[in-house]
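Data block below; observations after.
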Amino acid sequence: MKKAPILRGFTLAYLLFLYSPIILLPIFAFNDSRVVAFPLTGFTLNWFSEMLGDVNLRNAAKNSLIIALSVASLSTVLGIFAARASVRYSFPGKAPLMGLIMLPLVLPEMIVAMALLVVLLSLNITLSLLTVIIGQTLICTPFAVAILTSAFQSLDRSLEEAAMDLGETQWSTFRLIILPLVMPGILVSFLICFTISFDEFIIANFLGSGQPILSVYIFGQFRFPAKVPSMLALGTVLVLFSIILLGVAEYFRRRGIAKAGGKDTGGFL
Amino acid sequence: MTFSDDRPTMIEFRDVHKYYGDYHALRGINGTIKAGEFFSLLGPSGCGKTTLLRTIAGFEDISSGVVMIDGKDMAGVPPNVRPTNMVFQSYAIFPHMTVAENVGFGLRKDPRSKQEKARAVAEALEMVGLKGFGNRAAHALSGGQRQRVALARALILKPKVLLLDEPLSALDKKMREHMQVELIKLQRQVGITFILVTHDQEEALVMSDRIAVMFEGEIAQLADPETLYRRPNSKKVADFIGTMNFIPAEVLSESGDKVEVEAKGLGRVTIDASAAPAAKGESPVVGLRPETMTLLYDDQKAIERETAGVIDEVIYFGDMTYYDVYLGGTDVEVRLSMRNVPGRPVLDVGEKVRVAWSPSALVLFR
């Protein structure tokens with residue numbers, strides 16, 4: 001490979017610019033001043049205890065967990081059906097249908113949220129956690145489909161045929177052969193949808209109807225300078241949480257490849 | 001070499017057609033496969049041989065016609081209840097299971113006890129030469145081992161018919177030749193009908209009791225290997241099986257069981273009607289295999305016919321030498337093969353030679 005010092009320098013500067021703000025988060029979360037500015041004044045765990053003592057925050061976190069778990073489950077189940085259908089079967093109108101399923105990926109989320117709000121209100125449906133779950137599932141399903149499609153695609157078709165040839169029905173073949181082999185993909189899809197849902201703001205804000213939801217709550221708290229350090233502490237926890245989740249997802253993805261005896265190409269970690 | 005006709009029929013095709021949309025993949029397949037036979041479907045890629053195999057397994061529905069297995073019409077019978085098992089081209093070894101779990105997979109609904117099943121698995125593994133491999137992870141096996149696992153997994157269910165879809169194509173040459181012999185032995189040992197799909201004519205000739213040569217969705221010829229090689233029923237089959245020289249000819253007269261032709265470079269020959277398959281309206285040629293011709297050294301005399309020639313090309317193979325020879329001062333070039341035995345030096349390009357041949361080795365296509 002040819003050396004290109006300018007490109008290398010540019011890449012480094014770019015990565016630094018991108019990620020250094022995230023490093024500031026834990027730095028100020030442990031700093032014992034309400035003012036978020038250098039120089040640092042001292043070490044403290046106060047902001048973490050203040051965060052843990054906040055009832056509203058705990059409530060918001062609980063709601064966010066409920067939403068994220070539901071959205072991840074729903075999106076992944078829908079994703080399994082859609083991915084399986086798109087990989088294995090051909091039917092009239094398949095291409096436009098798959099296109100529609102993937103559309104929320106490129107649609108501005110703001111538009112989706114507003115459209116959903118208008119529809120839900122005109123149908124006289126009360127906004128609740130459920131409406132947030134429905135909205136976020138719409139956003140997360142394309143991710144699940146994309147992840148699971150590649151999982152189903154890497155499955156040799158003759159494995160299914162072999163199982164049926166050896167006496168299994170379509171359903172037991174799915175249970176004994178297909179499901180175990182795409183399980184890493186299912187776990188990855190679940191974890192990624194969970195992560196997306198957990199910090200999603202626009203739909204949570206539009207369709208949440210004032211229910212405390214973590215992302216919306218954090219945004220609200222930033223209006224009060226006194227609350228900022230404890231929000232940074234929360235942010236630190238969430239960053240850690242996300243890294244762990246993605247790490248687990250990547251672990252399963254790699255284990256899935258190794259189990260099937262394949263070679264690792266790419267991946268996000 | 002011919003397969004006894006008194007064996008019961010295992011598989012019967014009656015006017016089987018298969019369409020994929022507009023594409024006519026199988027165009028009226030007829031024929032029977034006998035019980036205990038090693039049968040091959042041979043043809044170039046896209047000829048429909050794999051499709052035909054998959055209609056036996058039940059993976060493809062046929063558009064019209066009848067497929068019978070052991071006297072039963074297979075219409076609407078799904079693969080999991082057909083008395084057939086398949087060895088897939090990719091072997092389709094379940095990667096998340098051990099070797100023993102793979103081999104025992106088909107026994108899941110078998111009422112036998114765990115120990116009996118384990119014994120059956122061990123026996124099946126021993127039969128394919130993988131004794132003691134049961135606990136290995138399936139994805140850690142070599143190509144040849146995978147194939148043996150696939151064989152054991154299919155044979156443990158004691159199917160009436162074992163279907164093999166290009167099972168040797170993924171192996172290297174040495175391993176392939178080794179497995180050919182092993183498969184023949186295995187087939188004799190278990191006595192099950194084997195149906196092999198292959199594009200390798202040599203493989204089909206080595207292994208099969210009978211071969212169906214397929215082109216473009218049709219069976220061009222169904223015969224035992226020797227008939228197929230010595231008496232191909234069309235120029236296309238002759239060209240696909242082994243090497244055949246085609247020499248332009250002119251039919252002079254035809255009377256009863258004899259055909260008189262004038263073959264360019266060879267002269268006037270009388271050919272037996274049995275070596276002259278039904279006319280197809282093509283311009284007549286006579287076919288001659290390379291090994292049926294011999295170069296005459298020194299004062300050797302031809303037993304039957306002799307034609308002068310000039311060597312155009314020499315291809316040395318170690319045990320054999322192939323010579324391309326212009327016949328009798330014409331532009332007709334034939335390839336002939338000579339064993340390299342002592343006292344028979346390899347000749348040079350441009351040397352004048354005498355070629356001995358026999359009219360009985362000729363086949364007439366027209």
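Here's how to read the names in the structure tokens: chain A, B, ... by the order shown, residue numbers from 1 in each chain, ligand numbers from 1 in the order shown.
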
Quiz prompt | Distance-based interface of chain B with chain A, 9 Å, counting only C-alpha atoms, as a PyMOL selection string | solution = chain B and resi 57-59+78-82+84-96+105-109+137-140+153-154+157

Quiz prompt | DSSP helix (DSSP H, G or I) residues within range 11-90 of chain B, as a list in words | solution =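 Of range 11-90 of chain B, the ones in helix (DSSP H, G or I) are Lys49, Thr50, Thr51, Leu52, Leu53, Arg54, Thr55, Ile56, Ala57, Pro79, Asn80 and Val81 of chain B.
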
Quiz prompt | All residues 8 Å or closer to Gly309 in chain B, only C-alpha atoms, same chain fewer than 3 positions away omitted, as number ranges by chain | solution = B: 325-329, 352-355

Practice problem: Pick out the residues sitting within 6 Å of Ala151 in chain A, and hand them over as a PyMOL selection string; count only C-alpha atoms, and ignore anything fewer than 3 positions along from it in its own chain. | Solution: chain A and resi 148+154+182+185

Export, as an mmCIF file, in the first residue's frame, the selected residues with C-alpha atoms.
```cif
data_model
loop_
_atom_site.group_PDB
_atom_site.id
_atom_site.type_symbol
_atom_site.label_atom_id
_atom_site.label_comp_id
_atom_site.auth_asym_id
_atom_site.auth_seq_id
_atom_site.Cartn_x
_atom_site.Cartn_y
_atom_site.Cartn_z
ATOM 1 C CA LEU A 148 -31.477 -10.790 9.162
ATOM 2 C CA SER A 154 -25.588 -16.993 4.201
ATOM 3 C CA VAL A 182 -29.612 -17.656 12.097
ATOM 4 C CA GLY A 185 -28.290 -12.756 13.432
#
```
